[in-house]
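Q: One structure, pasted below without further comment.
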Protein chains: 2
Amino acid sequence: MDGDAVPERVRAATLTDVARAAGVSIATASRALNGRGEVRADTRDRVFAVAERLAFRPNVLAQNLLSGRTGTVGLITSDLEGRFSIPIMMGAEDAFGAGATQIFLCDARGDAIRERHHVEALLARRVDGLIVVGSSTNPRPSLGRSIPVPVVYAYAPSQEASDLSVVSDNVQGGRIGVQHLIDSGRKRIAHITGEAEYNAARDRAAGAVGALTEAGLELAGGRVMYGPWNEAWGRGATRMLLEHDPDIDAIFCGSDQIARGALDVLHELGRDVPGDVAVLGFDNWAVVTASSRPELSSIDMQLQELGRVAANLLFAAIADDEGKLEHHQSVACRVVVRGSTTPTA
Amino acid sequence: MDGDAVPERVRAATLTDVARAAGVSIATASRALNGRGEVRADTRDRVFAVAERLAFRPNVLAQNLLSGRTGTVGLITSDLEGRFSIPIMMGAEDAFGAGATQIFLCDARGDAIRERHHVEALLARRVDGLIVVGSSTNPRPSLGRSIPVPVVYAYAPSQEASDLSVVSDNVQGGRIGVQHLIDSGRKRIAHITGEAEYNAARDRAAGAVGALTEAGLELAGGRVMYGPWNEAWGRGATRMLLEHDPDIDAIFCGSDQIARGALDVLHELGRDVPGDVAVLGFDNWAVVTASSRPELSSIDMQLQELGRVAANLLFAAIADDEGKLEHHQSVACRVVVRGSTTPTA
DNA sequence: TTGTACGCGTTATCAC
DNA sequence: GTGATAACGCGTACAA
């Protein structure tokens, strides 16, 4: 009752199976398949044919046990929505190259206990290294020195200066945002951003104010407007701003969601964007930028690039055993221009 | 120059190290640590103390090589933003329990070649099973029968009926959406949704229309309005709807983004939500629901639960070798009520 | 060119 | 109660 209807799964073939079927020793089979040493051409072909037929896949576990390296890396995140960690993971995947290294993704859900637990599990699996992705840009506690493999902190740096960290350059992000607005002819530029408790907010503001000062301009509204990271604050702050300073011609926002709120209020009040007022966001989050009217210009943190850099750093640390690595690296942001800062052609 | 300043990493301790340090054989050490067989209490304590001191972690690779099981599962997604796969992964992580099973996350980026590649890499790592998360709810090609481990298709079912699939019950989702609107006193209910090429759109529409018919009501607007899955369509469709049928009292949308568009237009036209018109979304995507005015009621697909179900099914398939499993499972949606369908107290 | 034998770190099965 | 020893699947010196 089972001959063909239910194709039962067969045990995966081992090198021994291949060797036996090809009528050679496992050493020869191994050499043939790995291209090591000298193997006669027809022997090699026979082995390959058999391996193909049996769908032989070398047992990576056994290889690892021998080599001491697993070709796996753990990525621990606390970013529940995966908004930051997914692009970072994709970048890391890229950098690790075609399947040579695979990534265990773990979600600590902001819980230190759970994080510790995942670290233990990953170490038991003998990962070659760890990437820890923070949930905000604020420095986070180090996992400590007792970990037998290299650790790279991505997005959120470690509080420990001797650890390896890769972060976004938010100061530069703030700077190029303002530069873009100045370049498109704006002079009265305001800055609405998130909570001052976040380094991201303070750094972006510092960059923005710095660029304004260098250009001999003052911040419109008189001060950086810190508040919640949401649309409601974007709306509220924009209203306050326009009341106090009706002739502003650009609003640089610390997040796309804040910018979205700003856009909505400007629209309600009949201000033309970008004609009267330009609006620039931060994060370049497609969900928000694409659905705004007009489409939202934004600063992109290049998280995928950040993932690549983190992966390369980890890779180097694994290989060099922390020879001479740059312990703190930062990834530059770039401006993505859309209709909210420049008139569409 | 290196005694303490640069705490060089040490090789991870092995069972042999522990045994030697404790002055026992590796067999005894193993027994003591695993609680197998009889070991004298003080011997056990000594072994534990040494293991603790050396930060001994059993090499899972070696254990796996012996047991033939790795306690790992591959999760392959094509959902670039991770909007669906992240909650599904979290659910799976939950179901697999505390660190007993770990998940390799791979992003195929919608590319069949890359997917195949990841499958191969995962099989080489001897994962115990595979979860494949689709990017839409449309049935997707099967990975085929040649895979030596169980495969569960999540979110998007496999085209192959004999494969294991877990999906959201979109028909039921459409049904409970309409029921909620009827329960809150609505009678002229319209339905704006995504592209008809998507099963998700058609299924939700079918459920919605079914529930209306059962209640003796007709669909306002005369037909299901299919269109792009974005805010712009939500806005356009809502305008058309109100022109043709000004006295509708509820709009059920096939996605939160479409609903967001509908809300914006209603707001522009001075219609009160939910007083004049109720708006109900689908996906319960916090980013959108929380930033809407008023906050958006929505249908939740319970993706985390879906992940749990998929993981349990996979687990059962691994254990039972596909004994008597329900090959096709679906997860019910639920209504999440917020201000856009019921007046806030 | 090919085969034999060892070791990677565990667990399990024997003896003692 | 404890200690040798054989697996697990592979790569590789070494011998043939």
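Simple scheme: letters A, B, ... for chains in structure tokens order, numbers from 1 for residues in each chain, numbers from 1 for ligands in the order shown.
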Using only C-alpha atoms, find the residues of chain B whose closest atom to chain A is at most 9 Å away, then write them as a PDB file with N, CA and C atoms, in the first residue's frame.

A:
ATOM      1  N   PRO B   7      42.250  40.486  27.215  1.00  0.00           N
ATOM      2  CA  PRO B   7      41.868  39.142  27.654  1.00  0.00           C
ATOM      3  C   PRO B   7      41.628  38.252  26.443  1.00  0.00           C
ATOM      4  N   GLU B   8      42.695  37.610  25.982  1.00  0.00           N
ATOM      5  CA  GLU B   8      42.556  36.814  24.756  1.00  0.00           C
ATOM      6  C   GLU B   8      41.524  35.711  24.965  1.00  0.00           C
ATOM      7  N   ARG B   9      40.847  35.429  23.886  1.00  0.00           N
ATOM      8  CA  ARG B   9      39.818  34.385  23.971  1.00  0.00           C
ATOM      9  C   ARG B   9      40.470  33.026  24.118  1.00  0.00           C
ATOM     10  N   VAL B  10      39.850  32.197  24.931  1.00  0.00           N
ATOM     11  CA  VAL B  10      40.365  30.854  25.127  1.00  0.00           C
ATOM     12  C   VAL B  10      39.523  29.859  24.341  1.00  0.00           C
ATOM     13  N   ARG B  11      40.175  28.782  23.963  1.00  0.00           N
ATOM     14  CA  ARG B  11      39.467  27.695  23.302  1.00  0.00           C
ATOM     15  C   ARG B  11      38.355  27.205  24.238  1.00  0.00           C
ATOM     16  N   ALA B  12      37.207  26.923  23.658  1.00  0.00           N
ATOM     17  CA  ALA B  12      36.099  26.427  24.474  1.00  0.00           C
ATOM     18  C   ALA B  12      36.490  25.083  25.084  1.00  0.00           C
ATOM     19  N   ALA B  55      33.544  26.941  32.237  1.00  0.00           N
ATOM     20  CA  ALA B  55      32.474  27.382  31.325  1.00  0.00           C
ATOM     21  C   ALA B  55      32.250  26.343  30.239  1.00  0.00           C
ATOM     22  N   ARG B  57      30.571  23.959  27.792  1.00  0.00           N
ATOM     23  CA  ARG B  57      29.304  23.838  27.065  1.00  0.00           C
ATOM     24  C   ARG B  57      29.445  22.650  26.145  1.00  0.00           C
ATOM     25  N   PRO B  58      28.601  21.642  26.303  1.00  0.00           N
ATOM     26  CA  PRO B  58      28.733  20.461  25.437  1.00  0.00           C
ATOM     27  C   PRO B  58      28.696  20.875  23.980  1.00  0.00           C
ATOM     28  N   ASN B  59      29.530  20.310  23.174  1.00  0.00           N
ATOM     29  CA  ASN B  59      29.580  20.623  21.757  1.00  0.00           C
ATOM     30  C   ASN B  59      28.404  19.954  21.058  1.00  0.00           C
ATOM     31  N   VAL B  60      27.450  20.797  20.726  1.00  0.00           N
ATOM     32  CA  VAL B  60      26.227  20.280  20.126  1.00  0.00           C
ATOM     33  C   VAL B  60      26.514  19.538  18.824  1.00  0.00           C
ATOM     34  N   LEU B  61      27.548  19.961  18.127  1.00  0.00           N
ATOM     35  CA  LEU B  61      27.894  19.297  16.871  1.00  0.00           C
ATOM     36  C   LEU B  61      28.154  17.809  17.086  1.00  0.00           C
ATOM     37  N   ALA B  62      28.942  17.538  18.089  1.00  0.00           N
ATOM     38  CA  ALA B  62      29.275  16.143  18.365  1.00  0.00           C
ATOM     39  C   ALA B  62      28.030  15.368  18.765  1.00  0.00           C
ATOM     40  N   ASN B  64      25.031  16.021  17.872  1.00  0.00           N
ATOM     41  CA  ASN B  64      24.217  15.861  16.687  1.00  0.00           C
ATOM     42  C   ASN B  64      24.740  14.754  15.787  1.00  0.00           C
ATOM     43  N   LEU B  65      26.038  14.725  15.645  1.00  0.00           N
ATOM     44  CA  LEU B  65      26.651  13.736  14.772  1.00  0.00           C
ATOM     45  C   LEU B  65      26.227  12.343  15.216  1.00  0.00           C
ATOM     46  N   THR B  70      19.743  17.593  14.498  1.00  0.00           N
ATOM     47  CA  THR B  70      20.517  18.788  14.811  1.00  0.00           C
ATOM     48  C   THR B  70      19.776  19.777  15.692  1.00  0.00           C
ATOM     49  N   LEU B  80      10.338  40.467   1.728  1.00  0.00           N
ATOM     50  CA  LEU B  80      11.499  41.337   1.892  1.00  0.00           C
ATOM     51  C   LEU B  80      11.474  42.206   3.131  1.00  0.00           C
ATOM     52  N   GLU B  81      10.316  42.711   3.484  1.00  0.00           N
ATOM     53  CA  GLU B  81      10.284  43.611   4.631  1.00  0.00           C
ATOM     54  C   GLU B  81      10.216  42.854   5.953  1.00  0.00           C
ATOM     55  N   GLY B  82       9.973  41.559   5.858  1.00  0.00           N
ATOM     56  CA  GLY B  82       9.851  40.792   7.080  1.00  0.00           C
ATOM     57  C   GLY B  82       8.556  41.060   7.819  1.00  0.00           C
ATOM     58  N   ARG B  83       7.645  41.714   7.120  1.00  0.00           N
ATOM     59  CA  ARG B  83       6.412  42.105   7.784  1.00  0.00           C
ATOM     60  C   ARG B  83       5.606  40.886   8.209  1.00  0.00           C
ATOM     61  N   ILE B  86       8.538  37.903  10.208  1.00  0.00           N
ATOM     62  CA  ILE B  86       9.031  38.108  11.567  1.00  0.00           C
ATOM     63  C   ILE B  86       8.047  37.597  12.617  1.00  0.00           C
ATOM     64  N   PRO B  87       6.786  38.004  12.569  1.00  0.00           N
ATOM     65  CA  PRO B  87       5.868  37.423  13.551  1.00  0.00           C
ATOM     66  C   PRO B  87       5.755  35.910  13.421  1.00  0.00           C
ATOM     67  N   MET B  89       8.083  33.897  12.475  1.00  0.00           N
ATOM     68  CA  MET B  89       9.291  33.340  13.073  1.00  0.00           C
ATOM     69  C   MET B  89       9.216  33.379  14.596  1.00  0.00           C
ATOM     70  N   MET B  90       8.696  34.488  15.117  1.00  0.00           N
ATOM     71  CA  MET B  90       8.583  34.580  16.574  1.00  0.00           C
ATOM     72  C   MET B  90       7.653  33.497  17.112  1.00  0.00           C
ATOM     73  N   GLU B  93       9.546  30.263  17.026  1.00  0.00           N
ATOM     74  CA  GLU B  93      10.529  30.253  18.109  1.00  0.00           C
ATOM     75  C   GLU B  93       9.846  29.871  19.427  1.00  0.00           C
ATOM     76  N   ALA B  98      12.247  26.660  24.654  1.00  0.00           N
ATOM     77  CA  ALA B  98      13.436  27.328  25.155  1.00  0.00           C
ATOM     78  C   ALA B  98      14.735  26.775  24.592  1.00  0.00           C
ATOM     79  N   GLY B  99      15.103  27.259  23.427  1.00  0.00           N
ATOM     80  CA  GLY B  99      16.438  26.969  22.930  1.00  0.00           C
ATOM     81  C   GLY B  99      16.667  25.550  22.470  1.00  0.00           C
ATOM     82  N   ALA B 100      15.656  24.699  22.557  1.00  0.00           N
ATOM     83  CA  ALA B 100      15.841  23.326  22.135  1.00  0.00           C
ATOM     84  C   ALA B 100      16.049  23.259  20.625  1.00  0.00           C
ATOM     85  N   GLN B 102      16.698  25.740  17.150  1.00  0.00           N
ATOM     86  CA  GLN B 102      17.022  27.077  16.689  1.00  0.00           C
ATOM     87  C   GLN B 102      16.734  27.213  15.209  1.00  0.00           C
ATOM     88  N   ILE B 103      16.535  28.454  14.805  1.00  0.00           N
ATOM     89  CA  ILE B 103      16.055  28.716  13.456  1.00  0.00           C
ATOM     90  C   ILE B 103      17.094  29.423  12.598  1.00  0.00           C
ATOM     91  N   PHE B 104      17.395  28.828  11.452  1.00  0.00           N
ATOM     92  CA  PHE B 104      18.173  29.516  10.424  1.00  0.00           C
ATOM     93  C   PHE B 104      17.211  30.343   9.595  1.00  0.00           C
ATOM     94  N   LEU B 105      17.397  31.653   9.587  1.00  0.00           N
ATOM     95  CA  LEU B 105      16.542  32.479   8.746  1.00  0.00           C
ATOM     96  C   LEU B 105      17.271  32.817   7.454  1.00  0.00           C
ATOM     97  N   CYS B 106      16.599  32.565   6.342  1.00  0.00           N
ATOM     98  CA  CYS B 106      17.188  32.868   5.035  1.00  0.00           C
ATOM     99  C   CYS B 106      16.205  33.701   4.238  1.00  0.00           C
ATOM    100  N   ASP B 107      16.708  34.673   3.512  1.00  0.00           N
ATOM    101  CA  ASP B 107      15.842  35.473   2.673  1.00  0.00           C
ATOM    102  C   ASP B 107      16.119  35.156   1.206  1.00  0.00           C
ATOM    103  N   HIS B 117      19.259  27.564  -3.656  1.00  0.00           N
ATOM    104  CA  HIS B 117      20.571  27.626  -3.059  1.00  0.00           C
ATOM    105  C   HIS B 117      20.493  27.510  -1.529  1.00  0.00           C
ATOM    106  N   HIS B 118      19.579  28.276  -0.950  1.00  0.00           N
ATOM    107  CA  HIS B 118      19.415  28.222   0.494  1.00  0.00           C
ATOM    108  C   HIS B 118      18.951  26.851   0.951  1.00  0.00           C
ATOM    109  N   GLU B 120      19.623  24.023  -0.406  1.00  0.00           N
ATOM    110  CA  GLU B 120      20.788  23.139  -0.443  1.00  0.00           C
ATOM    111  C   GLU B 120      21.695  23.358   0.765  1.00  0.00           C
ATOM    112  N   ALA B 121      21.960  24.633   1.042  1.00  0.00           N
ATOM    113  CA  ALA B 121      22.851  24.956   2.158  1.00  0.00           C
ATOM    114  C   ALA B 121      22.264  24.449   3.482  1.00  0.00           C
ATOM    115  N   LEU B 122      20.951  24.603   3.624  1.00  0.00           N
ATOM    116  CA  LEU B 122      20.311  24.173   4.864  1.00  0.00           C
ATOM    117  C   LEU B 122      20.330  22.655   4.986  1.00  0.00           C
ATOM    118  N   LEU B 123      20.118  21.985   3.892  1.00  0.00           N
ATOM    119  CA  LEU B 123      20.140  20.524   3.934  1.00  0.00           C
ATOM    120  C   LEU B 123      21.549  20.024   4.243  1.00  0.00           C
ATOM    121  N   ALA B 124      22.541  20.705   3.705  1.00  0.00           N
ATOM    122  CA  ALA B 124      23.917  20.324   3.999  1.00  0.00           C
ATOM    123  C   ALA B 124      24.184  20.469   5.502  1.00  0.00           C
ATOM    124  N   ARG B 125      23.508  21.425   6.114  1.00  0.00           N
ATOM    125  CA  ARG B 125      23.660  21.610   7.562  1.00  0.00           C
ATOM    126  C   ARG B 125      22.786  20.647   8.343  1.00  0.00           C
ATOM    127  N   ARG B 126      22.109  19.812   7.631  1.00  0.00           N
ATOM    128  CA  ARG B 126      21.287  18.784   8.260  1.00  0.00           C
ATOM    129  C   ARG B 126      20.205  19.354   9.184  1.00  0.00           C
ATOM    130  N   ARG B 145       9.463  16.533  -3.802  1.00  0.00           N
ATOM    131  CA  ARG B 145       9.472  15.396  -2.898  1.00  0.00           C
ATOM    132  C   ARG B 145      10.882  14.897  -2.619  1.00  0.00           C
ATOM    133  N   SER B 146      11.839  15.521  -3.242  1.00  0.00           N
ATOM    134  CA  SER B 146      13.191  14.979  -3.152  1.00  0.00           C
ATOM    135  C   SER B 146      13.919  15.467  -1.904  1.00  0.00           C
ATOM    136  N   ILE B 147      13.192  16.163  -1.041  1.00  0.00           N
ATOM    137  CA  ILE B 147      13.848  16.720   0.137  1.00  0.00           C
ATOM    138  C   ILE B 147      13.775  15.752   1.310  1.00  0.00           C
ATOM    139  N   PRO B 148      14.917  15.452   1.892  1.00  0.00           N
ATOM    140  CA  PRO B 148      14.973  14.398   2.905  1.00  0.00           C
ATOM    141  C   PRO B 148      14.411  14.783   4.263  1.00  0.00           C
ATOM    142  N   VAL B 149      13.882  15.981   4.405  1.00  0.00           N
ATOM    143  CA  VAL B 149      13.283  16.369   5.690  1.00  0.00           C
ATOM    144  C   VAL B 149      11.899  16.954   5.440  1.00  0.00           C
ATOM    145  N   PRO B 150      11.067  16.973   6.477  1.00  0.00           N
ATOM    146  CA  PRO B 150       9.719  17.529   6.314  1.00  0.00           C
ATOM    147  C   PRO B 150       9.754  19.024   5.985  1.00  0.00           C
ATOM    148  N   ASN B 230      -2.651  49.920  -1.999  1.00  0.00           N
ATOM    149  CA  ASN B 230      -1.981  51.081  -1.406  1.00  0.00           C
ATOM    150  C   ASN B 230      -2.955  52.192  -1.007  1.00  0.00           C
ATOM    151  N   GLU B 231      -2.428  53.195  -0.356  1.00  0.00           N
ATOM    152  CA  GLU B 231      -3.268  54.276   0.151  1.00  0.00           C
ATOM    153  C   GLU B 231      -3.976  55.025  -0.968  1.00  0.00           C
ATOM    154  N   ALA B 232      -3.245  55.208  -2.080  1.00  0.00           N
ATOM    155  CA  ALA B 232      -3.812  55.979  -3.192  1.00  0.00           C
ATOM    156  C   ALA B 232      -5.118  55.333  -3.669  1.00  0.00           C
ATOM    157  N   GLN B 257      -3.496  49.757   4.829  1.00  0.00           N
ATOM    158  CA  GLN B 257      -3.056  50.907   4.047  1.00  0.00           C
ATOM    159  C   GLN B 257      -4.194  51.463   3.201  1.00  0.00           C
ATOM    160  N   GLY B 261      -6.011  55.258   3.514  1.00  0.00           N
ATOM    161  CA  GLY B 261      -6.403  56.147   2.426  1.00  0.00           C
ATOM    162  C   GLY B 261      -7.870  56.550   2.555  1.00  0.00           C
ATOM    163  N   GLU B 268     -11.020  64.544   4.918  1.00  0.00           N
ATOM    164  CA  GLU B 268     -11.036  65.700   4.015  1.00  0.00           C
ATOM    165  C   GLU B 268     -12.447  66.169   3.704  1.00  0.00           C
ATOM    166  N   SER B 291      -1.278  55.091  13.941  1.00  0.00           N
ATOM    167  CA  SER B 291      -1.072  56.472  13.533  1.00  0.00           C
ATOM    168  C   SER B 291      -2.273  57.044  12.789  1.00  0.00           C
ATOM    169  N   SER B 292      -3.321  56.268  12.684  1.00  0.00           N
ATOM    170  CA  SER B 292      -4.526  56.773  12.028  1.00  0.00           C
ATOM    171  C   SER B 292      -5.336  57.615  12.994  1.00  0.00           C
ATOM    172  N   ASP B 321       7.086  11.144  11.392  1.00  0.00           N
ATOM    173  CA  ASP B 321       7.359  10.768  10.024  1.00  0.00           C
ATOM    174  C   ASP B 321       6.059  10.789   9.211  1.00  0.00           C
TER     175      ASP B 321
END

Q: Please tabulate, as JSON lines, the residues of chain C that come within 8 Å of chain B, each with its closest pair of atoms and the distance in Å to one decimal, counting only C-alpha atoms (C1' of nucleotides) and ordering rows by chain, then residue number upward.

A:
{"residue": "C:DG9", "atom": "C1'", "partner": "B:Ala62", "partner_atom": "CA", "distance": 5.2}
{"residue": "C:DT10", "atom": "C1'", "partner": "B:Ala62", "partner_atom": "CA", "distance": 5.1}
{"residue": "C:DT11", "atom": "C1'", "partner": "B:Leu66", "partner_atom": "CA", "distance": 7.3}

Q: Could you work out which residues of chain B fall inside 7 Å of chain D? Count only C-alpha atoms (C1' of nucleotides), and format the result as a PyMOL selection string.

A: chain B and resi 25+28+38-40+65-66

Q: Could you write those residues out with N, CA and C atoms, as a PDB file, in the first residue's frame?

A:
ATOM      1  N   SER B  25      37.148   9.881  34.389  1.00  0.00           N
ATOM      2  CA  SER B  25      37.135   9.569  32.964  1.00  0.00           C
ATOM      3  C   SER B  25      36.049  10.387  32.274  1.00  0.00           C
ATOM      4  N   THR B  28      32.517   9.129  32.957  1.00  0.00           N
ATOM      5  CA  THR B  28      31.944   9.558  34.234  1.00  0.00           C
ATOM      6  C   THR B  28      31.508  11.019  34.174  1.00  0.00           C
ATOM      7  N   GLU B  38      24.268   5.923  37.593  1.00  0.00           N
ATOM      8  CA  GLU B  38      24.545   6.257  38.981  1.00  0.00           C
ATOM      9  C   GLU B  38      25.955   6.826  39.110  1.00  0.00           C
ATOM     10  N   VAL B  39      26.025   7.971  39.740  1.00  0.00           N
ATOM     11  CA  VAL B  39      27.316   8.606  39.980  1.00  0.00           C
ATOM     12  C   VAL B  39      27.340   9.047  41.435  1.00  0.00           C
ATOM     13  N   ARG B  40      28.441   8.820  42.088  1.00  0.00           N
ATOM     14  CA  ARG B  40      28.502   9.201  43.494  1.00  0.00           C
ATOM     15  C   ARG B  40      28.341  10.711  43.615  1.00  0.00           C
ATOM     16  N   LEU B  65      26.038  14.725  15.645  1.00  0.00           N
ATOM     17  CA  LEU B  65      26.651  13.736  14.772  1.00  0.00           C
ATOM     18  C   LEU B  65      26.227  12.343  15.216  1.00  0.00           C
ATOM     19  N   LEU B  66      26.141  12.208  16.507  1.00  0.00           N
ATOM     20  CA  LEU B  66      25.780  10.914  17.078  1.00  0.00           C
ATOM     21  C   LEU B  66      24.288  10.646  16.942  1.00  0.00           C
TER      22      LEU B  66
END

Q: For the helix (DSSP H, G or I) assignment from backbone DSSP, which residues of segment 24-202 of chain A qualify? Please present them as an MDAnalysis selection string.

A: chainID A and resid 26:34 41:53 60:67 85:96 112:124 170:183 199:202

Q: How would the residues just picked look written out with C-alpha atoms as an mmCIF file, in the first residue's frame?

A:
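Just written: selection37.cif:
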data_model
loop_
_atom_site.group_PDB
_atom_site.id
_atom_site.type_symbol
_atom_site.label_atom_id
_atom_site.label_comp_id
_atom_site.auth_asym_id
_atom_site.auth_seq_id
_atom_site.Cartn_x
_atom_site.Cartn_y
_atom_site.Cartn_z
ATOM 1 C CA ILE A 26 36.028 6.738 1.343
ATOM 2 C CA ALA A 27 39.373 8.488 1.097
ATOM 3 C CA THR A 28 39.276 8.346 -2.675
ATOM 4 C CA ALA A 29 35.663 9.411 -2.734
ATOM 5 C CA SER A 30 36.461 12.354 -0.489
ATOM 6 C CA ARG A 31 39.421 13.379 -2.610
ATOM 7 C CA ALA A 32 37.425 13.109 -5.823
ATOM 8 C CA LEU A 33 34.559 15.198 -4.549
ATOM 9 C CA ASN A 34 36.751 17.856 -2.986
ATOM 10 C CA ALA A 41 39.716 11.092 -14.279
ATOM 11 C CA ASP A 42 37.390 8.139 -14.758
ATOM 12 C CA THR A 43 37.401 7.376 -11.038
ATOM 13 C CA ARG A 44 36.472 10.945 -10.325
ATOM 14 C CA ASP A 45 33.675 10.851 -12.868
ATOM 15 C CA ARG A 46 32.306 7.620 -11.452
ATOM 16 C CA VAL A 47 32.300 9.042 -7.938
ATOM 17 C CA PHE A 48 30.595 12.221 -9.091
ATOM 18 C CA ALA A 49 27.954 10.251 -10.961
ATOM 19 C CA VAL A 50 27.182 8.131 -7.918
ATOM 20 C CA ALA A 51 27.129 11.161 -5.624
ATOM 21 C CA GLU A 52 24.671 12.820 -7.965
ATOM 22 C CA ARG A 53 22.482 9.749 -8.122
ATOM 23 C CA VAL A 60 28.527 19.696 7.455
ATOM 24 C CA LEU A 61 28.355 18.618 11.091
ATOM 25 C CA ALA A 62 31.108 16.119 10.605
ATOM 26 C CA GLN A 63 33.169 18.611 8.652
ATOM 27 C CA ASN A 64 32.702 21.152 11.399
ATOM 28 C CA LEU A 65 33.609 18.735 14.123
ATOM 29 C CA LEU A 66 36.848 18.196 12.287
ATOM 30 C CA SER A 67 37.633 21.772 11.361
ATOM 31 C CA SER A 85 17.250 43.929 11.845
ATOM 32 C CA ILE A 86 15.889 42.554 8.590
ATOM 33 C CA PRO A 87 17.893 44.863 6.329
ATOM 34 C CA ILE A 88 20.906 44.409 8.564
ATOM 35 C CA MET A 89 20.530 40.669 8.319
ATOM 36 C CA MET A 90 20.190 40.854 4.555
ATOM 37 C CA GLY A 91 23.379 42.865 4.347
ATOM 38 C CA ALA A 92 25.161 40.351 6.542
ATOM 39 C CA GLU A 93 23.866 37.498 4.415
ATOM 40 C CA ASP A 94 25.269 39.264 1.371
ATOM 41 C CA ALA A 95 28.638 39.815 2.944
ATOM 42 C CA PHE A 96 28.958 36.249 4.130
ATOM 43 C CA ALA A 112 17.906 40.374 29.066
ATOM 44 C CA ILE A 113 17.135 36.893 30.363
ATOM 45 C CA ARG A 114 15.978 35.731 26.995
ATOM 46 C CA GLU A 115 19.031 37.302 25.419
ATOM 47 C CA ARG A 116 21.356 35.466 27.763
ATOM 48 C CA HIS A 117 19.523 32.292 27.010
ATOM 49 C CA HIS A 118 19.947 32.719 23.274
ATOM 50 C CA VAL A 119 23.616 33.479 23.686
ATOM 51 C CA GLU A 120 24.085 30.244 25.590
ATOM 52 C CA ALA A 121 22.188 28.225 22.997
ATOM 53 C CA LEU A 122 24.182 29.756 20.168
ATOM 54 C CA LEU A 123 27.483 29.123 21.888
ATOM 55 C CA ALA A 124 26.492 25.532 22.494
ATOM 56 C CA ASN A 170 23.535 60.141 12.632
ATOM 57 C CA VAL A 171 25.432 63.396 12.995
ATOM 58 C CA GLN A 172 26.427 63.186 9.349
ATOM 59 C CA GLY A 173 22.838 62.251 8.527
ATOM 60 C CA GLY A 174 21.587 65.432 10.149
ATOM 61 C CA ARG A 175 24.231 67.420 8.364
ATOM 62 C CA ILE A 176 23.481 66.199 4.837
ATOM 63 C CA GLY A 177 19.768 66.635 5.450
ATOM 64 C CA VAL A 178 20.208 70.319 6.130
ATOM 65 C CA GLN A 179 22.687 70.644 3.264
ATOM 66 C CA HIS A 180 20.176 69.176 0.859
ATOM 67 C CA LEU A 181 17.547 71.667 2.006
ATOM 68 C CA ILE A 182 19.962 74.569 1.708
ATOM 69 C CA ASP A 183 21.005 73.353 -1.736
ATOM 70 C CA ASN A 199 21.055 59.483 20.965
ATOM 71 C CA ALA A 200 19.652 59.233 17.461
ATOM 72 C CA ALA A 201 17.533 62.330 18.040
ATOM 73 C CA ARG A 202 20.317 64.323 19.667
#

Q: Would you pick out the contacts of Thr289 of chain B at 12 Å or less, using only C-alpha atoms (C1' of nucleotides), so that residues sharing its chain but fewer than 4 positions from it are not included, and give the list as an MDAnalysis selection string?

A: (chainID A and resid 231) or (chainID B and resid 255:261 263 279:285 293:300 336:340)

Q: Produce a file of the selected residues containing C-alpha atoms, as an mmCIF file, in the first residue's frame.

A:
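Written out: part-v2.cif:
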data_model
loop_
_atom_site.group_PDB
_atom_site.id
_atom_site.type_symbol
_atom_site.label_atom_id
_atom_site.label_comp_id
_atom_site.auth_asym_id
_atom_site.auth_seq_id
_atom_site.Cartn_x
_atom_site.Cartn_y
_atom_site.Cartn_z
ATOM 1 C CA GLU A 231 2.761 61.167 13.558
ATOM 2 C CA SER B 255 -5.645 46.162 4.008
ATOM 3 C CA ASP B 256 -4.755 48.741 6.625
ATOM 4 C CA GLN B 257 -3.056 50.907 4.047
ATOM 5 C CA ILE B 258 -6.163 51.040 1.892
ATOM 6 C CA ALA B 259 -8.113 51.860 5.038
ATOM 7 C CA ARG B 260 -5.694 54.640 5.836
ATOM 8 C CA GLY B 261 -6.403 56.147 2.426
ATOM 9 C CA LEU B 263 -9.807 57.567 6.404
ATOM 10 C CA VAL B 279 -13.776 52.098 8.667
ATOM 11 C CA LEU B 280 -12.297 48.654 9.201
ATOM 12 C CA GLY B 281 -8.854 47.559 8.005
ATOM 13 C CA PHE B 282 -7.132 44.230 7.533
ATOM 14 C CA ASP B 283 -3.671 43.110 8.770
ATOM 15 C CA ASN B 284 -3.707 44.943 12.078
ATOM 16 C CA TRP B 285 -0.363 46.444 11.261
ATOM 17 C CA ARG B 293 -7.109 59.253 13.237
ATOM 18 C CA PRO B 294 -9.124 57.761 14.822
ATOM 19 C CA GLU B 295 -7.123 54.635 15.535
ATOM 20 C CA LEU B 296 -7.977 51.969 13.036
ATOM 21 C CA SER B 297 -9.976 48.853 13.859
ATOM 22 C CA SER B 298 -8.618 45.916 11.922
ATOM 23 C CA ILE B 299 -8.656 42.188 11.282
ATOM 24 C CA ASP B 300 -5.627 40.428 12.718
ATOM 25 C CA VAL B 336 -9.321 44.140 16.911
ATOM 26 C CA VAL B 337 -11.694 46.956 17.759
ATOM 27 C CA ARG B 338 -10.482 50.535 17.940
ATOM 28 C CA GLY B 339 -11.911 53.985 17.421
ATOM 29 C CA SER B 340 -12.633 53.777 13.707
#

Q: Segment 139-302 of chain B: which residues are strand (DSSP E) by DSSP, as a VMD selection string?

A: chain B and resid 151 to 154 164 to 168 189 to 193 225 to 226 250 to 253 278 to 282 297 to 300
